[in-house]
Amino acid sequence: MKEYLKKLYNKEKNKYFKLLENDLKHKHKRFIITVNPETLMLSEKDNELKEILDSKEFSFVPDGIAVIKAARKVGISISERITGIDIAEYLLKLANKNKYSIYLYGAKEEVIESLISKIKKEYNNINIVGYSNGYVENKDKVMEEILKLKPDICMVALGIPHQEKIIYKYINKFKKGIFIGVGGSFDVLSGYKKRAPKIFIKLNIEWLYRIIKEPKRLKRFWNNNIKFLFKIK
Ligand code: UDP
């Protein structure tokens, strides 16, 4: 586990964003994995996810205060959280500024459709090359389509670990592009769900807000975050 914590990007969010800006400018490829306790705990039972985390090529960011605290406990200093939704919002802004192309894959049909209309309204310079809801049976067909379209940015919102696994399966076939699994970000960006108020984010208790809003998350929280904390201890 310490090896995974060591790999996390440890500087400020703005510096990471500069790297993304540079990637897009020079058509580099990057697969971003947002690491939180769930990712780390699942990787203990899931060999494919472990293989992804073991990679030296991908870009791992600290998504979640628990991983930052855990890292600190073992002597690794990480500057701040970099969440999937922060990266998604930044990439949309950047794509709008520079007319980059984008493919969005994931979430329910009504969610993805309302996100697409929102992007068309609010970020009208973005070249949306395609989109798909996350409940189609044939995930490979969607990825084959994305391969043909060669977007500059591809966001996949299928939840951990499915989003990481499907990107991983295809990443070597792409020559350029930023790929990221963004979890529930489309639900929030589309307006279907609210992100926690700023004060929760500032105090690093966004997880608490999500549990209050969706109590069924409590079991998931226990199985991942609480068990993770015990493990680190
Ligand atoms: N999802 C999907 N296809 C599936 C299962 C989930 O597109 O087969 C979507 C779901 O609609 C949601 C996202 O994946 O938009 C996962 O959200 P969740 O809040 O669980 O992710 P988190 O942010 O907690 O990692």
# chains A, B, ... in the order shown; residues from 1 in each chain; ligands from 1
>>> residues_near_ligand(ligand="ligand 1", cutoff="7 Å", atoms="only C-alpha atoms and all ligand atoms", output="number ranges by chain")
A: 106-108, 133-135, 157-160, 182-187
>>> write_last_selection(atoms="all heavy atoms", output="short mmCIF file (atom, residue, chain, number, x, y, z; two decimals), in the first residue's frame")
data_model
loop_
_atom_site.label_atom_id
_atom_site.label_comp_id
_atom_site.auth_asym_id
_atom_site.auth_seq_id
_atom_site.Cartn_x
_atom_site.Cartn_y
_atom_site.Cartn_z
N GLY A 106 -20.65 7.47 -19.83
CA GLY A 106 -21.06 7.06 -18.48
C GLY A 106 -22.31 7.75 -18.00
O GLY A 106 -22.84 8.66 -18.65
N ALA A 107 -22.82 7.28 -16.87
CA ALA A 107 -24.03 7.78 -16.19
C ALA A 107 -25.31 7.39 -16.96
O ALA A 107 -25.25 6.81 -18.05
CB ALA A 107 -23.96 9.28 -15.98
N LYS A 108 -26.43 7.73 -16.36
CA LYS A 108 -27.71 7.36 -16.96
C LYS A 108 -27.97 8.22 -18.19
O LYS A 108 -27.47 9.34 -18.29
CB LYS A 108 -28.84 7.58 -15.95
CG LYS A 108 -28.76 6.61 -14.79
CD LYS A 108 -29.98 6.77 -13.90
CE LYS A 108 -29.83 5.89 -12.68
NZ LYS A 108 -30.19 6.57 -11.44
N ASN A 133 -24.34 6.71 -22.75
CA ASN A 133 -24.67 6.47 -21.35
C ASN A 133 -23.84 5.28 -20.86
O ASN A 133 -23.22 4.56 -21.66
CB ASN A 133 -26.17 6.28 -21.15
CG ASN A 133 -26.64 4.91 -21.62
OD1 ASN A 133 -26.19 3.87 -21.12
ND2 ASN A 133 -27.52 4.90 -22.61
N GLY A 134 -23.79 5.07 -19.58
CA GLY A 134 -22.92 4.04 -19.02
C GLY A 134 -23.60 2.71 -18.81
O GLY A 134 -23.05 1.84 -18.14
N TYR A 135 -24.78 2.54 -19.37
CA TYR A 135 -25.52 1.30 -19.12
C TYR A 135 -25.69 0.44 -20.38
O TYR A 135 -26.45 -0.51 -20.37
CB TYR A 135 -26.87 1.60 -18.45
CG TYR A 135 -26.65 2.18 -17.07
CD1 TYR A 135 -26.39 3.54 -16.88
CD2 TYR A 135 -26.62 1.36 -15.94
CE1 TYR A 135 -26.14 4.07 -15.62
CE2 TYR A 135 -26.38 1.88 -14.67
CZ TYR A 135 -26.14 3.23 -14.52
OH TYR A 135 -25.89 3.75 -13.27
N ALA A 157 -17.39 7.77 -16.79
CA ALA A 157 -18.04 7.80 -15.47
C ALA A 157 -18.86 6.53 -15.26
O ALA A 157 -20.08 6.52 -15.41
CB ALA A 157 -18.94 9.04 -15.38
N LEU A 158 -18.16 5.45 -14.93
CA LEU A 158 -18.86 4.17 -14.70
C LEU A 158 -18.70 3.71 -13.26
O LEU A 158 -19.21 2.66 -12.89
CB LEU A 158 -18.28 3.08 -15.61
CG LEU A 158 -18.33 3.29 -17.13
CD1 LEU A 158 -17.62 2.15 -17.83
CD2 LEU A 158 -19.76 3.40 -17.61
N GLY A 159 -17.99 4.49 -12.46
CA GLY A 159 -17.69 4.07 -11.08
C GLY A 159 -16.41 3.22 -11.05
O GLY A 159 -16.03 2.63 -12.06
N ILE A 160 -15.80 3.20 -9.87
CA ILE A 160 -14.59 2.38 -9.65
C ILE A 160 -15.03 0.92 -9.49
O ILE A 160 -16.02 0.68 -8.79
CB ILE A 160 -13.88 2.81 -8.34
CG1 ILE A 160 -13.41 4.25 -8.43
CG2 ILE A 160 -12.74 1.89 -7.99
CD1 ILE A 160 -12.97 4.79 -7.07
N VAL A 182 -14.16 9.34 -13.87
CA VAL A 182 -14.59 10.45 -13.02
C VAL A 182 -15.73 10.12 -12.06
O VAL A 182 -16.36 11.00 -11.49
CB VAL A 182 -14.96 11.71 -13.86
CG1 VAL A 182 -13.72 12.31 -14.51
CG2 VAL A 182 -16.02 11.40 -14.90
N GLY A 183 -16.01 8.82 -11.86
CA GLY A 183 -17.02 8.42 -10.87
C GLY A 183 -18.36 9.10 -11.07
O GLY A 183 -18.91 9.11 -12.18
N GLY A 184 -18.87 9.70 -9.99
CA GLY A 184 -20.19 10.32 -10.06
C GLY A 184 -20.18 11.76 -10.57
O GLY A 184 -21.18 12.47 -10.41
N SER A 185 -19.11 12.18 -11.22
CA SER A 185 -19.01 13.60 -11.62
C SER A 185 -20.08 14.05 -12.61
O SER A 185 -20.54 15.19 -12.56
CB SER A 185 -17.64 13.89 -12.25
OG SER A 185 -16.63 13.59 -11.37
N PHE A 186 -20.47 13.16 -13.52
CA PHE A 186 -21.48 13.59 -14.51
C PHE A 186 -22.81 13.90 -13.81
O PHE A 186 -23.54 14.79 -14.23
CB PHE A 186 -21.72 12.50 -15.57
CG PHE A 186 -20.57 12.26 -16.52
CD1 PHE A 186 -20.64 11.28 -17.51
CD2 PHE A 186 -19.41 13.01 -16.44
CE1 PHE A 186 -19.59 11.06 -18.39
CE2 PHE A 186 -18.34 12.80 -17.31
CZ PHE A 186 -18.44 11.81 -18.28
N ASP A 187 -23.11 13.15 -12.74
CA ASP A 187 -24.36 13.40 -12.00
C ASP A 187 -24.34 14.82 -11.44
O ASP A 187 -25.36 15.52 -11.44
CB ASP A 187 -24.51 12.39 -10.85
CG ASP A 187 -24.59 10.96 -11.35
OD1 ASP A 187 -25.30 10.71 -12.33
OD2 ASP A 187 -23.91 10.09 -10.78
#
>>> select_by_dssp(residues="segment 39-132 of chain A", states="strand (DSSP E or B)", output="PyMOL selection string")
chain A and resi 59-62+101-106+127-132
>>> write_last_selection(atoms="all heavy atoms", output="tab-separated table (two decimals), in the first residue's frame")
chain	number	residue	atom	x	y	z
A	59	SER	N	-0.97	8.12	-14.33
A	59	SER	CA	-0.85	9.31	-13.50
A	59	SER	C	-1.82	9.19	-12.32
A	59	SER	O	-3.04	9.19	-12.51
A	59	SER	CB	-1.21	10.49	-14.41
A	59	SER	OG	-1.07	11.70	-13.78
A	60	PHE	N	-1.28	9.06	-11.12
A	60	PHE	CA	-2.13	8.81	-9.95
A	60	PHE	C	-2.31	10.09	-9.14
A	60	PHE	O	-1.31	10.74	-8.80
A	60	PHE	CB	-1.49	7.73	-9.07
A	60	PHE	CG	-1.30	6.43	-9.81
A	60	PHE	CD1	-0.09	6.14	-10.44
A	60	PHE	CD2	-2.33	5.50	-9.88
A	60	PHE	CE1	0.08	4.94	-11.14
A	60	PHE	CE2	-2.17	4.31	-10.57
A	60	PHE	CZ	-0.96	4.02	-11.20
A	61	VAL	N	-3.54	10.43	-8.85
A	61	VAL	CA	-3.78	11.64	-8.06
A	61	VAL	C	-4.51	11.31	-6.76
A	61	VAL	O	-5.31	10.37	-6.71
A	61	VAL	CB	-4.56	12.72	-8.86
A	61	VAL	CG1	-3.75	13.23	-10.05
A	61	VAL	CG2	-5.93	12.23	-9.30
A	62	PRO	N	-4.25	12.10	-5.71
A	62	PRO	CA	-4.89	11.82	-4.42
A	62	PRO	C	-6.31	12.36	-4.34
A	62	PRO	O	-6.52	13.55	-4.19
A	62	PRO	CB	-3.98	12.57	-3.42
A	62	PRO	CG	-3.41	13.70	-4.22
A	62	PRO	CD	-3.35	13.26	-5.64
A	101	SER	N	-11.38	18.46	-28.57
A	101	SER	CA	-12.49	17.51	-28.76
A	101	SER	C	-12.62	16.61	-27.53
A	101	SER	O	-11.64	16.33	-26.82
A	101	SER	CB	-12.24	16.66	-30.01
A	101	SER	OG	-11.04	15.94	-29.87
A	102	ILE	N	-13.85	16.17	-27.30
A	102	ILE	CA	-14.12	15.45	-26.06
A	102	ILE	C	-15.15	14.34	-26.30
A	102	ILE	O	-16.04	14.48	-27.15
A	102	ILE	CB	-14.61	16.47	-25.00
A	102	ILE	CG1	-14.59	15.89	-23.61
A	102	ILE	CG2	-15.93	17.06	-25.28
A	102	ILE	CD1	-14.61	16.97	-22.54
A	103	TYR	N	-14.97	13.22	-25.60
A	103	TYR	CA	-15.97	12.15	-25.60
A	103	TYR	C	-16.35	11.89	-24.15
A	103	TYR	O	-15.49	11.77	-23.28
A	103	TYR	CB	-15.40	10.87	-26.23
A	103	TYR	CG	-16.48	9.85	-26.52
A	103	TYR	CD1	-16.94	9.64	-27.81
A	103	TYR	CD2	-17.06	9.11	-25.48
A	103	TYR	CE1	-17.96	8.72	-28.08
A	103	TYR	CE2	-18.07	8.19	-25.74
A	103	TYR	CZ	-18.51	8.00	-27.03
A	103	TYR	OH	-19.53	7.10	-27.28
A	104	LEU	N	-17.65	11.81	-23.89
A	104	LEU	CA	-18.12	11.55	-22.54
A	104	LEU	C	-18.85	10.22	-22.50
A	104	LEU	O	-19.81	10.01	-23.26
A	104	LEU	CB	-19.07	12.67	-22.07
A	104	LEU	CG	-18.48	14.08	-22.04
A	104	LEU	CD1	-19.54	15.09	-21.63
A	104	LEU	CD2	-17.30	14.17	-21.09
A	105	TYR	N	-18.40	9.34	-21.61
A	105	TYR	CA	-18.99	8.01	-21.53
A	105	TYR	C	-19.35	7.71	-20.07
A	105	TYR	O	-18.47	7.69	-19.21
A	105	TYR	CB	-17.97	6.99	-22.07
A	105	TYR	CG	-18.33	5.53	-21.91
A	105	TYR	CD1	-19.66	5.11	-21.87
A	105	TYR	CD2	-17.33	4.56	-21.82
A	105	TYR	CE1	-19.97	3.76	-21.74
A	105	TYR	CE2	-17.65	3.21	-21.69
A	105	TYR	CZ	-18.97	2.82	-21.64
A	105	TYR	OH	-19.28	1.49	-21.50
A	106	GLY	N	-20.65	7.47	-19.83
A	106	GLY	CA	-21.06	7.06	-18.48
A	106	GLY	C	-22.31	7.75	-18.00
A	106	GLY	O	-22.84	8.66	-18.65
A	127	ASN	N	-15.61	20.78	-28.80
A	127	ASN	CA	-16.02	19.91	-29.90
A	127	ASN	C	-16.40	18.54	-29.30
A	127	ASN	O	-15.54	17.71	-29.05
A	127	ASN	CB	-14.83	19.81	-30.87
A	127	ASN	CG	-15.07	18.81	-31.97
A	127	ASN	OD1	-16.21	18.37	-32.19
A	127	ASN	ND2	-14.01	18.42	-32.65
A	128	ILE	N	-17.71	18.35	-29.08
A	128	ILE	CA	-18.16	17.06	-28.52
A	128	ILE	C	-18.23	16.06	-29.67
A	128	ILE	O	-19.12	16.15	-30.52
A	128	ILE	CB	-19.55	17.20	-27.86
A	128	ILE	CG1	-19.54	18.29	-26.79
A	128	ILE	CG2	-20.00	15.86	-27.25
A	128	ILE	CD1	-20.92	18.69	-26.30
A	129	VAL	N	-17.29	15.11	-29.68
A	129	VAL	CA	-17.27	14.17	-30.81
A	129	VAL	C	-18.23	13.00	-30.59
A	129	VAL	O	-18.57	12.29	-31.53
A	129	VAL	CB	-15.85	13.65	-31.13
A	129	VAL	CG1	-15.01	14.74	-31.79
A	129	VAL	CG2	-15.16	13.10	-29.90
A	130	GLY	N	-18.64	12.81	-29.34
A	130	GLY	CA	-19.59	11.73	-29.09
A	130	GLY	C	-19.84	11.54	-27.61
A	130	GLY	O	-19.13	12.10	-26.77
A	131	TYR	N	-20.87	10.76	-27.31
A	131	TYR	CA	-21.15	10.44	-25.91
A	131	TYR	C	-21.98	9.16	-25.86
A	131	TYR	O	-22.60	8.77	-26.85
A	131	TYR	CB	-21.87	11.60	-25.21
A	131	TYR	CG	-23.27	11.89	-25.71
A	131	TYR	CD1	-24.38	11.30	-25.11
A	131	TYR	CD2	-23.48	12.76	-26.78
A	131	TYR	CE1	-25.66	11.57	-25.57
A	131	TYR	CE2	-24.75	13.03	-27.24
A	131	TYR	CZ	-25.85	12.43	-26.63
A	131	TYR	OH	-27.10	12.69	-27.09
A	132	SER	N	-21.97	8.55	-24.68
A	132	SER	CA	-22.79	7.36	-24.49
A	132	SER	C	-23.16	7.24	-23.02
A	132	SER	O	-22.36	7.65	-22.16
A	132	SER	CB	-22.00	6.11	-24.89
A	132	SER	OG	-22.66	4.96	-24.42
>>> residues_around(residues="Lys176 of chain A", least_positions_apart="4", cutoff="12 Å", atoms="only C-alpha atoms", output="PyMOL selection string")
chain A and resi 23-31+101+146-147+149-154+171-172
>>> write_last_selection(atoms="N, CA, C and O atoms", output="compact mmCIF listing (two decimals), in the first residue's frame")
# COMPACT_ATOMS: atom_id res chain seq x y z
N ASP A 23 0.09 18.57 -21.77
CA ASP A 23 -0.23 17.32 -22.49
C ASP A 23 -1.11 17.60 -23.70
O ASP A 23 -0.88 17.10 -24.79
N LEU A 24 -2.13 18.41 -23.45
CA LEU A 24 -3.09 18.67 -24.53
C LEU A 24 -2.45 19.48 -25.65
O LEU A 24 -2.67 19.21 -26.83
N LYS A 25 -1.64 20.43 -25.24
CA LYS A 25 -0.96 21.27 -26.23
C LYS A 25 -0.06 20.43 -27.13
O LYS A 25 0.01 20.63 -28.33
N HIS A 26 0.64 19.46 -26.52
CA HIS A 26 1.61 18.68 -27.28
C HIS A 26 1.08 17.31 -27.70
O HIS A 26 1.85 16.44 -28.10
N LYS A 27 -0.22 17.11 -27.54
CA LYS A 27 -0.86 15.84 -27.91
C LYS A 27 -0.22 14.62 -27.25
O LYS A 27 0.01 13.58 -27.87
N HIS A 28 0.10 14.76 -25.98
CA HIS A 28 0.61 13.63 -25.22
C HIS A 28 -0.56 12.80 -24.71
O HIS A 28 -1.69 13.27 -24.68
N LYS A 29 -0.22 11.60 -24.27
CA LYS A 29 -1.28 10.72 -23.73
C LYS A 29 -1.12 10.64 -22.22
O LYS A 29 -0.01 10.60 -21.72
N ARG A 30 -2.25 10.64 -21.51
CA ARG A 30 -2.19 10.48 -20.06
C ARG A 30 -3.44 9.75 -19.57
O ARG A 30 -4.56 10.10 -19.95
N PHE A 31 -3.23 8.75 -18.75
CA PHE A 31 -4.34 8.04 -18.10
C PHE A 31 -4.30 8.42 -16.62
O PHE A 31 -3.35 8.06 -15.91
N SER A 101 -11.38 18.46 -28.57
CA SER A 101 -12.49 17.51 -28.76
C SER A 101 -12.62 16.61 -27.53
O SER A 101 -11.64 16.33 -26.82
N ILE A 146 -14.73 5.22 -29.62
CA ILE A 146 -13.84 6.29 -29.11
C ILE A 146 -12.48 6.21 -29.81
O ILE A 146 -11.90 7.23 -30.19
N LEU A 147 -12.03 4.97 -30.04
CA LEU A 147 -10.75 4.78 -30.73
C LEU A 147 -10.76 5.42 -32.12
O LEU A 147 -9.79 6.05 -32.53
N LEU A 149 -12.68 7.91 -33.03
CA LEU A 149 -12.89 9.35 -32.94
C LEU A 149 -11.65 10.12 -32.44
O LEU A 149 -11.56 11.33 -32.65
N LYS A 150 -10.76 9.41 -31.77
CA LYS A 150 -9.49 9.99 -31.27
C LYS A 150 -9.68 11.33 -30.56
O LYS A 150 -9.09 12.35 -30.95
N PRO A 151 -10.52 11.38 -29.53
CA PRO A 151 -10.73 12.68 -28.86
C PRO A 151 -9.49 13.15 -28.09
O PRO A 151 -8.65 12.33 -27.72
N ASP A 152 -9.41 14.45 -27.87
CA ASP A 152 -8.31 14.98 -27.05
C ASP A 152 -8.53 14.59 -25.59
O ASP A 152 -7.59 14.40 -24.84
N ILE A 153 -9.81 14.54 -25.21
CA ILE A 153 -10.15 14.23 -23.81
C ILE A 153 -11.25 13.17 -23.78
O ILE A 153 -12.23 13.28 -24.52
N CYS A 154 -11.09 12.18 -22.93
CA CYS A 154 -12.14 11.16 -22.79
C CYS A 154 -12.41 10.95 -21.30
O CYS A 154 -11.52 10.53 -20.56
N ILE A 171 -6.09 1.56 -23.48
CA ILE A 171 -5.19 2.72 -23.47
C ILE A 171 -4.00 2.59 -24.42
O ILE A 171 -3.60 3.57 -25.05
N ASN A 172 -3.50 1.37 -24.58
CA ASN A 172 -2.33 1.21 -25.47
C ASN A 172 -2.65 1.43 -26.94
O ASN A 172 -1.76 1.63 -27.75
>>> residues_around(residues="Ser114 of chain A", least_positions_apart="4", cutoff="9 Å", atoms="only C-alpha atoms", output="list in words")
Glu109, Glu110, Lys118, Ile119, Ser190, Gly191 and Tyr192 of chain A
>>> residues_around(residues="Trp207 of chain A", least_positions_apart="2", cutoff="12 Å", atoms="only C-alpha atoms", output="JSON, numbers by chain")
{"A": [36, 37, 63, 64, 65, 66, 195, 196, 197, 200, 201, 202, 203, 204, 205, 209, 210, 211, 212, 213, 214, 215, 217, 218, 220, 221, 222, 224, 225, 226]}
>>> residues_around(residues="Glu48 of chain A", least_positions_apart="6", cutoff="10 Å", atoms="only C-alpha atoms", output="list in words")
Asp54, Pro161, Glu164, Lys165 and Tyr168 of chain A
>>> write_last_selection(atoms="all heavy atoms", output="CSV table (one decimal), in the first residue's frame")
chain,number,residue,atom,x,y,z
A,54,ASP,N,-0.2,-0.9,-10.2
A,54,ASP,CA,1.2,-1.2,-10.2
A,54,ASP,C,1.9,-0.5,-11.4
A,54,ASP,O,3.1,-0.5,-11.4
A,54,ASP,CB,1.4,-2.8,-10.4
A,54,ASP,CG,1.2,-3.5,-9.0
A,54,ASP,OD1,1.4,-2.8,-8.0
A,54,ASP,OD2,0.8,-4.6,-9.0
A,161,PRO,N,-14.4,-0.1,-10.0
A,161,PRO,CA,-13.2,-0.1,-10.9
A,161,PRO,C,-13.5,-0.2,-12.4
A,161,PRO,O,-12.5,-0.3,-13.1
A,161,PRO,CB,-12.5,-1.3,-10.4
A,161,PRO,CG,-13.6,-2.3,-10.1
A,161,PRO,CD,-14.8,-1.5,-9.7
A,164,GLU,N,-11.9,2.5,-14.7
A,164,GLU,CA,-10.4,2.3,-14.8
A,164,GLU,C,-10.1,1.1,-15.7
A,164,GLU,O,-9.2,1.1,-16.6
A,164,GLU,CB,-9.7,2.1,-13.5
A,164,GLU,CG,-9.6,3.4,-12.7
A,164,GLU,CD,-10.8,3.9,-12.0
A,164,GLU,OE1,-11.8,3.1,-11.9
A,164,GLU,OE2,-10.9,5.1,-11.7
A,165,LYS,N,-10.9,0.0,-15.5
A,165,LYS,CA,-10.6,-1.2,-16.2
A,165,LYS,C,-10.8,-1.1,-17.7
A,165,LYS,O,-10.1,-1.6,-18.5
A,165,LYS,CB,-11.4,-2.4,-15.7
A,165,LYS,CG,-10.9,-2.9,-14.4
A,165,LYS,CD,-11.8,-4.1,-13.9
A,165,LYS,CE,-11.3,-4.6,-12.6
A,165,LYS,NZ,-12.1,-5.7,-12.2
A,168,TYR,N,-8.1,1.0,-19.2
A,168,TYR,CA,-6.9,0.2,-19.2
A,168,TYR,C,-6.8,-0.8,-20.4
A,168,TYR,O,-5.8,-0.9,-21.0
A,168,TYR,CB,-6.8,-0.5,-17.9
A,168,TYR,CG,-5.6,-1.4,-17.7
A,168,TYR,CD1,-4.3,-0.8,-17.8
A,168,TYR,CD2,-5.7,-2.8,-17.4
A,168,TYR,CE1,-3.2,-1.6,-17.6
A,168,TYR,CE2,-4.6,-3.5,-17.2
A,168,TYR,CZ,-3.3,-3.0,-17.3
A,168,TYR,OH,-2.2,-3.7,-17.1
>>> closest_residue(among="A:Leu19, A:Asn125, A:Ala71, A:Lys139", to="Lys97 of chain A", atoms="only C-alpha atoms")
A:Asn125
>>> select_by_dssp(residues="chain A", states="helix (DSSP H, G or I)", output="ChimeraX atom specification")
/A:2-6,13-25,37-43,47-54,65-73,84-98,109-122,139-149,162-173,185-189,198-202,206-213,217-232
>>> write_last_selection(atoms="C-alpha atoms", output="short mmCIF file (atom, residue, chain, number, x, y, z; two decimals), in the first residue's frame")
data_model
loop_
_atom_site.label_atom_id
_atom_site.label_comp_id
_atom_site.auth_asym_id
_atom_site.auth_seq_id
_atom_site.Cartn_x
_atom_site.Cartn_y
_atom_site.Cartn_z
CA LYS A 2 2.86 2.37 0.79
CA GLU A 3 4.14 1.92 -2.76
CA TYR A 4 0.80 3.19 -4.08
CA LEU A 5 0.78 6.17 -1.73
CA LYS A 6 4.31 7.05 -2.88
CA LYS A 13 -3.53 21.06 -7.89
CA ASN A 14 -2.63 24.05 -10.08
CA LYS A 15 0.70 22.50 -10.93
CA TYR A 16 -1.03 19.30 -11.95
CA PHE A 17 -3.41 21.29 -14.12
CA LYS A 18 -0.39 22.83 -15.88
CA LEU A 19 0.78 19.32 -16.74
CA LEU A 20 -2.59 18.57 -18.29
CA GLU A 21 -2.50 21.80 -20.25
CA ASN A 22 0.92 20.85 -21.57
CA ASP A 23 -0.23 17.32 -22.49
CA LEU A 24 -3.09 18.67 -24.53
CA LYS A 25 -0.96 21.27 -26.23
CA PRO A 37 -9.54 4.36 -0.09
CA GLU A 38 -12.03 2.48 -2.25
CA THR A 39 -9.47 2.08 -5.06
CA LEU A 40 -6.83 0.86 -2.63
CA MET A 41 -9.09 -1.53 -0.75
CA LEU A 42 -10.59 -3.00 -3.93
CA SER A 43 -7.13 -3.58 -5.36
CA ASN A 47 -5.97 -8.43 -9.56
CA GLU A 48 -6.72 -6.34 -12.60
CA LEU A 49 -7.12 -3.20 -10.53
CA LYS A 50 -3.88 -4.08 -8.75
CA GLU A 51 -2.16 -4.38 -12.12
CA ILE A 52 -3.40 -0.88 -12.99
CA LEU A 53 -2.11 0.55 -9.71
CA ASP A 54 1.21 -1.23 -10.23
CA ILE A 65 -8.44 13.16 2.47
CA ALA A 66 -8.00 9.63 3.87
CA VAL A 67 -5.23 8.80 1.39
CA ILE A 68 -3.46 12.07 2.18
CA LYS A 69 -3.63 11.35 5.93
CA ALA A 70 -2.53 7.76 5.40
CA ALA A 71 0.42 8.95 3.34
CA ARG A 72 1.39 11.42 6.05
CA LYS A 73 1.35 8.63 8.64
CA GLY A 84 -12.09 13.65 -10.39
CA ILE A 85 -14.69 16.39 -10.50
CA ASP A 86 -12.04 19.12 -10.12
CA ILE A 87 -10.14 17.66 -13.05
CA ALA A 88 -13.35 17.23 -15.08
CA GLU A 89 -14.31 20.88 -14.55
CA TYR A 90 -10.82 22.06 -15.41
CA LEU A 91 -10.69 19.97 -18.57
CA LEU A 92 -14.04 21.38 -19.70
CA LYS A 93 -12.74 24.93 -19.24
CA LEU A 94 -9.53 24.15 -21.08
CA ALA A 95 -11.37 22.38 -23.89
CA ASN A 96 -13.63 25.38 -24.26
CA LYS A 97 -10.69 27.77 -24.39
CA ASN A 98 -8.77 25.76 -26.97
CA GLU A 109 -29.11 8.41 -20.34
CA GLU A 110 -31.00 11.42 -18.93
CA VAL A 111 -27.90 12.53 -16.99
CA ILE A 112 -25.52 12.35 -19.94
CA GLU A 113 -28.03 14.06 -22.23
CA SER A 114 -28.54 16.94 -19.86
CA LEU A 115 -24.77 17.24 -19.37
CA ILE A 116 -24.30 17.40 -23.13
CA SER A 117 -26.89 20.17 -23.49
CA LYS A 118 -25.31 22.05 -20.61
CA ILE A 119 -21.89 21.83 -22.24
CA LYS A 120 -23.31 23.00 -25.56
CA LYS A 121 -24.77 26.03 -23.80
CA GLU A 122 -22.03 26.91 -21.34
CA LYS A 139 -18.63 -1.48 -23.31
CA ASP A 140 -16.12 -2.58 -25.94
CA LYS A 141 -18.27 -1.20 -28.72
CA VAL A 142 -18.21 2.22 -27.06
CA MET A 143 -14.44 2.05 -26.68
CA GLU A 144 -13.98 1.00 -30.33
CA GLU A 145 -16.03 4.05 -31.30
CA ILE A 146 -13.84 6.29 -29.11
CA LEU A 147 -10.75 4.78 -30.73
CA LYS A 148 -12.01 5.84 -34.13
CA LEU A 149 -12.89 9.35 -32.94
CA HIS A 162 -15.13 -0.44 -14.11
CA GLN A 163 -14.10 2.94 -15.52
CA GLU A 164 -10.39 2.30 -14.84
CA LYS A 165 -10.58 -1.23 -16.24
CA ILE A 166 -12.21 -0.31 -19.52
CA ILE A 167 -9.75 2.54 -20.11
CA TYR A 168 -6.87 0.21 -19.20
CA LYS A 169 -8.01 -2.36 -21.73
CA TYR A 170 -7.76 0.17 -24.56
CA ILE A 171 -5.19 2.72 -23.47
CA ASN A 172 -2.33 1.21 -25.47
CA LYS A 173 -4.29 1.56 -28.67
CA SER A 185 -19.01 13.60 -11.62
CA PHE A 186 -21.48 13.59 -14.51
CA ASP A 187 -24.36 13.40 -12.00
CA VAL A 188 -23.05 16.58 -10.38
CA LEU A 189 -21.92 18.45 -13.51
CA LYS A 198 -17.87 24.71 -0.22
CA ILE A 199 -17.42 24.56 3.54
CA PHE A 200 -17.61 20.72 3.46
CA ILE A 201 -15.02 20.66 0.69
CA LYS A 202 -12.77 23.10 2.56
CA GLU A 206 -17.20 16.02 1.50
CA TRP A 207 -17.59 12.29 2.24
CA LEU A 208 -19.90 13.19 5.15
CA TYR A 209 -22.15 15.23 2.91
CA ARG A 210 -22.43 12.35 0.44
CA ILE A 211 -23.44 9.96 3.24
CA ILE A 212 -26.03 12.38 4.63
CA LYS A 213 -27.52 12.81 1.15
CA ARG A 217 -23.41 4.89 0.86
CA LEU A 218 -22.71 4.13 4.52
CA LYS A 219 -21.97 0.44 3.92
CA ARG A 220 -19.59 1.30 1.10
CA PHE A 221 -17.97 3.90 3.32
CA TRP A 222 -17.49 1.38 6.12
CA ASN A 223 -16.09 -1.30 3.82
CA ASN A 224 -13.64 1.03 2.20
CA ASN A 225 -12.80 4.09 4.25
CA ILE A 226 -13.15 2.81 7.80
CA LYS A 227 -11.43 -0.49 7.06
CA PHE A 228 -8.73 1.46 5.22
CA LEU A 229 -8.07 3.62 8.29
CA PHE A 230 -7.76 0.52 10.50
CA LYS A 231 -5.40 -1.01 8.00
CA ILE A 232 -3.17 2.04 7.92
#
>>> atom_distance(atom1="atom CA of Ile32 of chain A", atom2="atom CA of Ile180 of chain A")
4.9 Å
